[in-house]
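K.L.:
Contents of entry_31.pdb (PDB, C-alpha atoms and all ligand atoms) are below:
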```pdb
MODEL        1
ATOM      1  CA  MET R   1      32.233  -5.005 -44.517
ATOM      2  CA  ILE R   2      29.957  -7.962 -43.803
ATOM      3  CA  THR R   3      30.760 -11.343 -45.309
ATOM      4  CA  VAL R   4      28.342 -14.236 -44.894
ATOM      5  CA  GLU R   5      29.453 -17.493 -46.502
ATOM      6  CA  HIS R   6      27.512 -20.752 -46.772
ATOM      7  CA  VAL R   7      25.703 -20.287 -43.462
ATOM      8  CA  GLY R   8      23.368 -23.121 -42.478
ATOM      9  CA  LYS R   9      21.198 -23.521 -39.373
ATOM     10  CA  ARG R  10      18.641 -26.010 -38.069
ATOM     11  CA  ARG R  11      16.037 -25.487 -35.395
ATOM     12  CA  GLY R  12      14.980 -28.920 -34.238
ATOM     13  CA  ARG R  13      14.461 -30.942 -37.386
ATOM     14  CA  THR R  14      13.779 -27.935 -39.577
ATOM     15  CA  LYS R  15      16.517 -26.391 -41.677
ATOM     16  CA  VAL R  16      15.853 -22.649 -41.264
ATOM     17  CA  LEU R  17      18.922 -21.422 -43.168
ATOM     18  CA  SER R  18      20.644 -23.154 -46.102
ATOM     19  CA  ASP R  19      23.795 -21.982 -47.851
ATOM     20  CA  ILE R  20      23.274 -18.283 -47.065
ATOM     21  CA  SER R  21      26.010 -16.234 -48.754
ATOM     22  CA  PHE R  22      26.122 -12.491 -49.368
ATOM     23  CA  GLU R  23      28.205  -9.404 -48.746
ATOM     24  CA  ALA R  24      27.336  -5.944 -47.494
ATOM     25  CA  ARG R  25      29.986  -3.536 -48.674
ATOM     26  CA  PRO R  26      31.402  -0.264 -47.323
ATOM     27  CA  GLY R  27      29.853   2.851 -48.823
ATOM     28  CA  ARG R  28      26.594   1.037 -49.577
ATOM     29  CA  VAL R  29      23.259   0.501 -47.872
ATOM     30  CA  THR R  30      22.239  -3.131 -48.307
ATOM     31  CA  GLY R  31      18.620  -4.195 -47.816
ATOM     32  CA  PHE R  32      17.786  -7.650 -46.495
ATOM     33  CA  LEU R  33      14.315  -8.598 -47.701
ATOM     34  CA  GLY R  34      12.130 -11.610 -47.103
ATOM     35  CA  PRO R  35       8.615 -12.641 -46.101
ATOM     36  CA  ASN R  36       7.757 -13.507 -42.456
ATOM     37  CA  GLY R  37       9.766 -16.490 -41.290
ATOM     38  CA  ALA R  38      12.176 -16.374 -44.250
ATOM     39  CA  GLY R  39      15.232 -16.314 -41.976
ATOM     40  CA  LYS R  40      16.251 -12.636 -41.796
ATOM     41  CA  SER R  41      16.398 -12.391 -38.009
ATOM     42  CA  SER R  42      18.064 -15.806 -37.742
ATOM     43  CA  THR R  43      20.814 -14.636 -40.110
ATOM     44  CA  LEU R  44      21.284 -11.302 -38.320
ATOM     45  CA  ARG R  45      21.431 -13.026 -34.916
ATOM     46  CA  ILE R  46      24.207 -15.311 -36.144
ATOM     47  CA  LEU R  47      26.083 -12.326 -37.584
ATOM     48  CA  LEU R  48      25.812 -10.538 -34.219
ATOM     49  CA  GLY R  49      27.002 -13.509 -32.170
ATOM     50  CA  LEU R  50      23.593 -14.067 -30.545
ATOM     51  CA  ASP R  51      23.245 -17.482 -32.120
ATOM     52  CA  ARG R  52      25.574 -20.035 -33.728
ATOM     53  CA  ALA R  53      25.637 -21.275 -37.287
ATOM     54  CA  GLU R  54      26.105 -25.004 -37.806
ATOM     55  CA  GLU R  55      27.714 -24.408 -41.174
ATOM     56  CA  GLY R  56      29.572 -21.541 -42.774
ATOM     57  CA  THR R  57      30.900 -18.238 -41.472
ATOM     58  CA  ALA R  58      29.474 -14.791 -40.790
ATOM     59  CA  LEU R  59      32.140 -12.101 -40.426
ATOM     60  CA  VAL R  60      32.116  -8.428 -39.530
ATOM     61  CA  CYS R  61      35.215  -6.628 -40.802
ATOM     62  CA  GLY R  62      36.880 -10.034 -41.268
ATOM     63  CA  LEU R  63      36.160 -11.418 -37.792
ATOM     64  CA  PRO R  64      33.354 -13.411 -36.186
ATOM     65  CA  PHE R  65      31.493 -11.234 -33.674
ATOM     66  CA  HIS R  66      32.859 -13.063 -30.603
ATOM     67  CA  ARG R  67      36.440 -12.184 -31.652
ATOM     68  CA  LEU R  68      35.752  -8.403 -31.630
ATOM     69  CA  THR R  69      37.370  -6.870 -28.562
ATOM     70  CA  ARG R  70      35.251  -3.708 -28.322
ATOM     71  CA  PRO R  71      32.288  -4.710 -30.470
ATOM     72  CA  LEU R  72      30.450  -1.371 -30.322
ATOM     73  CA  THR R  73      33.363   0.365 -32.031
ATOM     74  CA  VAL R  74      33.105  -2.063 -34.970
ATOM     75  CA  VAL R  75      29.425  -2.889 -35.333
ATOM     76  CA  GLY R  76      26.290  -1.187 -34.031
ATOM     77  CA  ALA R  77      23.100  -3.229 -33.994
ATOM     78  CA  LEU R  78      19.422  -2.472 -33.669
ATOM     79  CA  LEU R  79      17.239  -5.529 -33.151
ATOM     80  CA  ASP R  80      13.795  -5.753 -31.511
ATOM     81  CA  GLY R  81      12.968  -2.828 -29.211
ATOM     82  CA  SER R  82      15.506  -0.504 -27.642
ATOM     83  CA  GLY R  83      17.176  -3.111 -25.409
ATOM     84  CA  ALA R  84      16.810  -0.701 -22.477
ATOM     85  CA  HIS R  85      15.435  -1.436 -19.019
ATOM     86  CA  ARG R  86      12.072   0.298 -18.837
ATOM     87  CA  SER R  87      12.628   1.935 -15.452
ATOM     88  CA  ARG R  88      15.882   3.583 -16.606
ATOM     89  CA  THR R  89      16.054   6.921 -18.338
ATOM     90  CA  GLY R  90      17.274   6.975 -21.925
ATOM     91  CA  ARG R  91      20.455   8.774 -20.873
ATOM     92  CA  ALA R  92      21.198   6.339 -18.020
ATOM     93  CA  HIS R  93      20.771   3.413 -20.407
ATOM     94  CA  LEU R  94      23.219   4.887 -22.911
ATOM     95  CA  ARG R  95      25.741   5.718 -20.158
ATOM     96  CA  TRP R  96      25.643   2.114 -19.052
ATOM     97  CA  VAL R  97      26.145   0.831 -22.618
ATOM     98  CA  ALA R  98      29.004   3.304 -23.172
ATOM     99  CA  ALA R  99      30.733   2.251 -19.947
ATOM    100  CA  SER R 100      30.425  -1.440 -20.892
ATOM    101  CA  ASN R 101      32.477  -0.749 -24.016
ATOM    102  CA  GLY R 102      34.939   1.746 -22.546
ATOM    103  CA  LEU R 103      33.425   4.640 -24.502
ATOM    104  CA  PRO R 104      33.575   8.234 -23.227
ATOM    105  CA  ARG R 105      30.492   9.532 -21.354
ATOM    106  CA  GLY R 106      30.445  12.637 -23.528
ATOM    107  CA  ARG R 107      29.524  10.525 -26.526
ATOM    108  CA  VAL R 108      26.116   9.845 -24.932
ATOM    109  CA  ASP R 109      24.871  13.409 -25.400
ATOM    110  CA  GLU R 110      26.249  13.453 -28.956
ATOM    111  CA  VAL R 111      24.234  10.393 -29.992
ATOM    112  CA  LEU R 112      21.119  11.617 -28.134
ATOM    113  CA  ASP R 113      21.327  14.749 -30.241
ATOM    114  CA  LEU R 114      21.982  12.744 -33.412
ATOM    115  CA  VAL R 115      18.774  10.729 -32.966
ATOM    116  CA  GLY R 116      16.643  13.661 -31.736
ATOM    117  CA  LEU R 117      16.164  12.435 -28.168
ATOM    118  CA  THR R 118      17.907  15.217 -26.228
ATOM    119  CA  GLU R 119      14.681  16.514 -24.704
ATOM    120  CA  ALA R 120      13.427  13.047 -23.744
ATOM    121  CA  ALA R 121      16.799  11.835 -22.434
ATOM    122  CA  GLY R 122      15.819  12.302 -18.757
ATOM    123  CA  LYS R 123      12.493  10.459 -19.101
ATOM    124  CA  ARG R 124      12.036   6.813 -18.209
ATOM    125  CA  VAL R 125      12.100   4.430 -21.138
ATOM    126  CA  ARG R 126       8.657   3.068 -20.176
ATOM    127  CA  THR R 127       7.156   6.421 -21.218
ATOM    128  CA  TYR R 128       8.736   6.289 -24.712
ATOM    129  CA  SER R 129       6.642   5.671 -27.817
ATOM    130  CA  LEU R 130       7.591   2.856 -30.208
ATOM    131  CA  GLY R 131       9.394   5.336 -32.448
ATOM    132  CA  MET R 132      11.306   6.853 -29.515
ATOM    133  CA  GLY R 133      12.372   3.343 -28.501
ATOM    134  CA  ARG R 134      13.747   2.777 -32.031
ATOM    135  CA  ARG R 135      15.626   6.079 -31.803
ATOM    136  CA  LEU R 136      17.120   5.058 -28.458
ATOM    137  CA  GLY R 137      18.156   1.696 -29.908
ATOM    138  CA  LEU R 138      19.790   3.486 -32.806
ATOM    139  CA  ALA R 139      21.578   5.851 -30.412
ATOM    140  CA  ALA R 140      23.103   2.822 -28.662
ATOM    141  CA  ALA R 141      24.138   1.373 -32.030
ATOM    142  CA  LEU R 142      25.882   4.657 -32.929
ATOM    143  CA  LEU R 143      27.697   5.105 -29.586
ATOM    144  CA  GLY R 144      30.971   3.581 -30.776
ATOM    145  CA  ASP R 145      30.794   5.330 -34.182
ATOM    146  CA  PRO R 146      31.096   1.878 -35.767
ATOM    147  CA  ASP R 147      32.110   1.033 -39.329
ATOM    148  CA  VAL R 148      29.158  -1.331 -39.653
ATOM    149  CA  LEU R 149      25.471  -0.908 -38.776
ATOM    150  CA  VAL R 150      23.072  -3.865 -38.679
ATOM    151  CA  LEU R 151      19.419  -2.914 -38.272
ATOM    152  CA  ASP R 152      16.382  -5.206 -38.073
ATOM    153  CA  GLU R 153      13.294  -3.309 -39.247
ATOM    154  CA  PRO R 154      14.669   0.113 -38.248
ATOM    155  CA  VAL R 155      11.680   2.156 -39.421
ATOM    156  CA  ASN R 156       9.170   0.043 -37.514
ATOM    157  CA  GLY R 157       7.119   2.465 -35.398
ATOM    158  CA  LEU R 158       8.495   5.638 -36.982
ATOM    159  CA  ASP R 159       6.149   8.249 -38.424
ATOM    160  CA  PRO R 160       6.716   9.560 -41.993
ATOM    161  CA  GLY R 161       9.096  12.276 -40.750
ATOM    162  CA  GLY R 162      10.986   9.692 -38.727
ATOM    163  CA  ILE R 163      11.214   7.355 -41.726
ATOM    164  CA  ARG R 164      12.691  10.100 -43.874
ATOM    165  CA  TRP R 165      15.120  11.043 -41.102
ATOM    166  CA  MET R 166      16.228   7.408 -40.728
ATOM    167  CA  ARG R 167      16.690   7.054 -44.499
ATOM    168  CA  GLU R 168      18.889  10.150 -44.632
ATOM    169  CA  LEU R 169      20.939   9.052 -41.642
ATOM    170  CA  LEU R 170      21.606   5.618 -43.158
ATOM    171  CA  ARG R 171      22.515   7.086 -46.552
ATOM    172  CA  GLU R 172      24.904   9.535 -44.842
ATOM    173  CA  ARG R 173      26.582   6.689 -42.925
ATOM    174  CA  ALA R 174      27.124   4.880 -46.210
ATOM    175  CA  ALA R 175      28.314   8.051 -47.958
ATOM    176  CA  SER R 176      31.028   8.366 -45.308
ATOM    177  CA  GLY R 177      32.296   4.888 -46.192
ATOM    178  CA  ARG R 178      30.434   2.833 -43.591
ATOM    179  CA  THR R 179      28.582  -0.440 -44.204
ATOM    180  CA  VAL R 180      24.837  -0.510 -43.515
ATOM    181  CA  LEU R 181      22.710  -3.673 -43.567
ATOM    182  CA  LEU R 182      18.999  -3.379 -42.797
ATOM    183  CA  SER R 183      16.019  -5.646 -42.984
ATOM    184  CA  SER R 184      12.611  -4.268 -43.806
ATOM    185  CA  HIS R 185       9.179  -5.320 -44.935
ATOM    186  CA  LEU R 186       8.449  -1.893 -46.389
ATOM    187  CA  MET R 187       9.602  -2.353 -49.949
ATOM    188  CA  GLY R 188       8.723   1.073 -51.268
ATOM    189  CA  GLU R 189      10.730   2.574 -48.432
ATOM    190  CA  LEU R 190      13.583   0.116 -48.892
ATOM    191  CA  ALA R 191      13.821   0.928 -52.604
ATOM    192  CA  GLU R 192      14.291   4.599 -51.666
ATOM    193  CA  THR R 193      17.092   3.802 -49.237
ATOM    194  CA  VAL R 194      19.259   0.923 -50.449
ATOM    195  CA  HIS R 195      21.958   0.490 -53.072
ATOM    196  CA  ASP R 196      22.066  -3.310 -52.905
ATOM    197  CA  VAL R 197      19.446  -5.938 -52.101
ATOM    198  CA  VAL R 198      19.562  -9.494 -50.759
ATOM    199  CA  VAL R 199      16.297 -11.441 -50.973
ATOM    200  CA  ILE R 200      15.838 -14.455 -48.698
ATOM    201  CA  HIS R 201      12.988 -16.939 -49.022
ATOM    202  CA  HIS R 202      12.423 -20.195 -47.106
ATOM    203  CA  GLY R 203      15.911 -19.864 -45.622
ATOM    204  CA  ARG R 204      17.677 -19.615 -48.993
ATOM    205  CA  ILE R 205      18.993 -16.706 -51.014
ATOM    206  CA  ALA R 206      16.467 -15.997 -53.772
ATOM    207  CA  SER R 207      18.310 -13.051 -55.331
ATOM    208  CA  ARG R 208      21.105 -10.587 -54.605
ATOM    209  CA  GLY R 209      22.714  -7.695 -56.427
ATOM    210  CA  THR R 210      22.310  -3.982 -56.919
ATOM    211  CA  LEU R 211      18.790  -2.556 -56.587
ATOM    212  CA  ALA R 212      18.603  -2.336 -60.402
ATOM    213  CA  GLU R 213      19.823  -5.919 -60.844
ATOM    214  CA  VAL R 214      17.347  -7.377 -58.351
ATOM    215  CA  THR R 215      14.456  -5.277 -59.697
ATOM    216  CA  GLY R 216      15.411  -6.539 -63.186
ATOM    217  CA  THR R 217      12.663  -6.205 -65.722
ATOM    218  CA  HIS R 218       9.999  -5.684 -63.076
ATOM    219  CA  ARG R 219       8.400  -2.286 -62.615
ATOM    220  CA  THR R 220       9.320  -2.006 -58.937
ATOM    221  CA  LEU R 221      11.316  -3.835 -56.285
ATOM    222  CA  GLU R 222       7.971  -4.897 -54.806
ATOM    223  CA  ASP R 223       6.922  -6.565 -58.081
ATOM    224  CA  ALA R 224      10.323  -8.306 -58.271
ATOM    225  CA  PHE R 225       9.953  -9.447 -54.656
ATOM    226  CA  PHE R 226       6.530 -10.992 -55.262
ATOM    227  CA  ALA R 227       7.756 -12.694 -58.428
ATOM    228  CA  LEU R 228      10.728 -14.143 -56.498
ATOM    229  CA  THR R 229       8.792 -15.257 -53.437
ATOM    230  CA  GLY R 230       5.326 -15.954 -54.833
ATOM    231  CA  ASP R 231       4.042 -14.081 -51.802
ATOM    232  CA  GLY R 232       1.631 -11.638 -53.421
ATOM    233  CA  ARG R 233      -1.331 -12.074 -51.111
TER
HETATM  234  N1  LIG S 301      13.645 -19.500 -31.291
HETATM  235  C1  LIG S 301      13.159 -20.234 -32.299
HETATM  236  N2  LIG S 301      12.810 -21.527 -32.117
HETATM  237  C2  LIG S 301      12.314 -22.264 -33.127
HETATM  238  N3  LIG S 301      12.129 -21.805 -34.386
HETATM  239  C3  LIG S 301      12.462 -20.537 -34.624
HETATM  240  C4  LIG S 301      12.987 -19.670 -33.599
HETATM  241  N4  LIG S 301      13.225 -18.450 -34.151
HETATM  242  C5  LIG S 301      12.872 -18.549 -35.445
HETATM  243  N5  LIG S 301      12.415 -19.790 -35.729
HETATM  244  C6  LIG S 301      11.967 -20.272 -37.053
HETATM  245  O1  LIG S 301      13.016 -20.038 -37.958
HETATM  246  C7  LIG S 301      12.496 -19.611 -39.219
HETATM  247  C8  LIG S 301      13.122 -18.258 -39.581
HETATM  248  O2  LIG S 301      12.638 -17.267 -38.676
HETATM  249  P1  LIG S 301      13.217 -15.770 -38.636
HETATM  250  O3  LIG S 301      12.685 -15.146 -37.394
HETATM  251  O4  LIG S 301      14.658 -15.812 -38.860
HETATM  252  O5  LIG S 301      12.514 -15.138 -39.919
HETATM  253  P2  LIG S 301      12.351 -13.611 -40.345
HETATM  254  O6  LIG S 301      12.655 -13.591 -41.808
HETATM  255  O7  LIG S 301      13.151 -12.750 -39.469
HETATM  256  O8  LIG S 301      10.812 -13.385 -40.112
HETATM  257  P3  LIG S 301       9.977 -12.058 -39.642
HETATM  258  O9  LIG S 301       9.987 -11.150 -40.808
HETATM  259  O10 LIG S 301       8.623 -12.629 -39.364
HETATM  260  O11 LIG S 301      10.647 -11.520 -38.423
HETATM  261  C9  LIG S 301      10.987 -19.575 -39.070
HETATM  262  O12 LIG S 301      10.486 -20.779 -39.592
HETATM  263  C10 LIG S 301      10.771 -19.497 -37.576
HETATM  264  O13 LIG S 301       9.560 -20.105 -37.224
ENDMDL
END
```
Please lay out the structure from this file as structure tokens.

P.N.:
Amino acid sequence: MITVEHVGKRRGRTKVLSDISFEARPGRVTGFLGPNGAGKSSTLRILLGLDRAEEGTALVCGLPFHRLTRPLTVVGALLDGSGAHRSRTGRAHLRWVAASNGLPRGRVDEVLDLVGLTEAAGKRVRTYSLGMGRRLGLAAALLGDPDVLVLDEPVNGLDPGGIRWMRELLRERAASGRTVLLSSHLMGELAETVHDVVVIHHGRIASRGTLAEVTGTHRTLEDAFFALTGDGR
């Protein structure tokens, strides 16, 4: 469960987030949608303890991130890139992440298999394609088999097969009772994947609800998005 309540944040003199409130619930995939600069990454960074909110609270399973004792077992996150040192192999990176959270080494090969990187596990991360980097980042997020997944643009760099694979994986996580929150610019793809949608625009919540509620009377989620944000260039 993710609970964000009345979060506000300034950068310099600019208010980048105002009164951001939404939930992402267990058993559901929630999509976080907004144009460039709307405040998606800023919100996710606060949720993941990488930045501080000046107002409000952002909780994962009832606790702020910094109060989680073994964070990887509660929330797995995929932000920009894989987070791995480029001269390390994929497997060495995951072993290091596992050790930092007291997770068993054997879990590394399980997640490598889960994300389809077994064959590339012994190669240095600098040789990975963009899509392989996303898979490695996802493997790290899955190491602790967490109840919550938070993913910023997870299909970025994936080919059509990879996008379908990611969609199925996220839906399966939700079907097993986990909470999944993902941001994406690809609205057609998002509409295929999510149960619930939160739309953010100029640092404020523009709409939130089930996919059907947010789509409303519009033909598609994309049409609803452009009507909400006026961003139909
Ligand atoms: N480190 C920073 N310093 C100053 N301003 C920032 C910083 N990071 C983000 N901002 C500003 O905060 C606002 C929200 O940015 P944020 O990255 O959260 O948006 P986003 O919705 O994730 O956008 P995108 O889809 O382009 O990644 C923008 O106006 C951006 O310019």

K.L.:
My list of candidates is R:Arg134, R:Arg52, R:Arg171, R:Arg11. Which is closest to Phe65 in chain R when distances are computed with only C-alpha atoms?

P.N.:
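Under the stated criterion, the closest residue is R:Arg52.
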
K.L.:
Using all atoms listed in the file for the distances, tell me which of R:Leu17, R:Ala140, R:Ile46, R:Met1 is nearest to His202 in chain R.

P.N.:
R:Leu17

K.L.:
I'd like the residues picked by the PyMOL selection byres (((chain R and resi 181-191) around 8) and not hetatm) written out as JSON, numbers by chain, using the chain letters and numbers from the file.

P.N.:
{"R": [24, 29, 30, 31, 32, 33, 34, 35, 40, 148, 149, 150, 151, 152, 153, 154, 155, 179, 180, 192, 193, 194, 211, 221, 222]}

K.L.:
Kindly export the residues of the current selection with C-alpha atoms, as a PDB file, in the coordinates of the input.

P.N.:
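The resulting file, out.pdb, is reproduced below:
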```pdb
ATOM      1  CA  ALA R  24      27.336  -5.944 -47.494  1.00  0.00           C
ATOM      2  CA  VAL R  29      23.259   0.501 -47.872  1.00  0.00           C
ATOM      3  CA  THR R  30      22.239  -3.131 -48.307  1.00  0.00           C
ATOM      4  CA  GLY R  31      18.620  -4.195 -47.816  1.00  0.00           C
ATOM      5  CA  PHE R  32      17.786  -7.650 -46.495  1.00  0.00           C
ATOM      6  CA  LEU R  33      14.315  -8.598 -47.701  1.00  0.00           C
ATOM      7  CA  GLY R  34      12.130 -11.610 -47.103  1.00  0.00           C
ATOM      8  CA  PRO R  35       8.615 -12.641 -46.101  1.00  0.00           C
ATOM      9  CA  LYS R  40      16.251 -12.636 -41.796  1.00  0.00           C
ATOM     10  CA  VAL R 148      29.158  -1.331 -39.653  1.00  0.00           C
ATOM     11  CA  LEU R 149      25.471  -0.908 -38.776  1.00  0.00           C
ATOM     12  CA  VAL R 150      23.072  -3.865 -38.679  1.00  0.00           C
ATOM     13  CA  LEU R 151      19.419  -2.914 -38.272  1.00  0.00           C
ATOM     14  CA  ASP R 152      16.382  -5.206 -38.073  1.00  0.00           C
ATOM     15  CA  GLU R 153      13.294  -3.309 -39.247  1.00  0.00           C
ATOM     16  CA  PRO R 154      14.669   0.113 -38.248  1.00  0.00           C
ATOM     17  CA  VAL R 155      11.680   2.156 -39.421  1.00  0.00           C
ATOM     18  CA  THR R 179      28.582  -0.440 -44.204  1.00  0.00           C
ATOM     19  CA  VAL R 180      24.837  -0.510 -43.515  1.00  0.00           C
ATOM     20  CA  GLU R 192      14.291   4.599 -51.666  1.00  0.00           C
ATOM     21  CA  THR R 193      17.092   3.802 -49.237  1.00  0.00           C
ATOM     22  CA  VAL R 194      19.259   0.923 -50.449  1.00  0.00           C
ATOM     23  CA  LEU R 211      18.790  -2.556 -56.587  1.00  0.00           C
ATOM     24  CA  LEU R 221      11.316  -3.835 -56.285  1.00  0.00           C
ATOM     25  CA  GLU R 222       7.971  -4.897 -54.806  1.00  0.00           C
TER      26      GLU R 222
END
```

K.L.:
Which value, in Å to one decimal, gives the distance between CA of Ala99 in chain R and CA of Asn156 in chain R?

P.N.:
27.9 Å

K.L.:
Can you spell out as JSON, numbers by chain the set of residues that the PyMOL selection byres (((chain R and resi 57) around 10) and not hetatm) selects in the structure I just provided?

P.N.:
{"R": [3, 4, 5, 6, 7, 8, 20, 21, 46, 47, 52, 53, 54, 55, 56, 58, 59, 63, 64]}
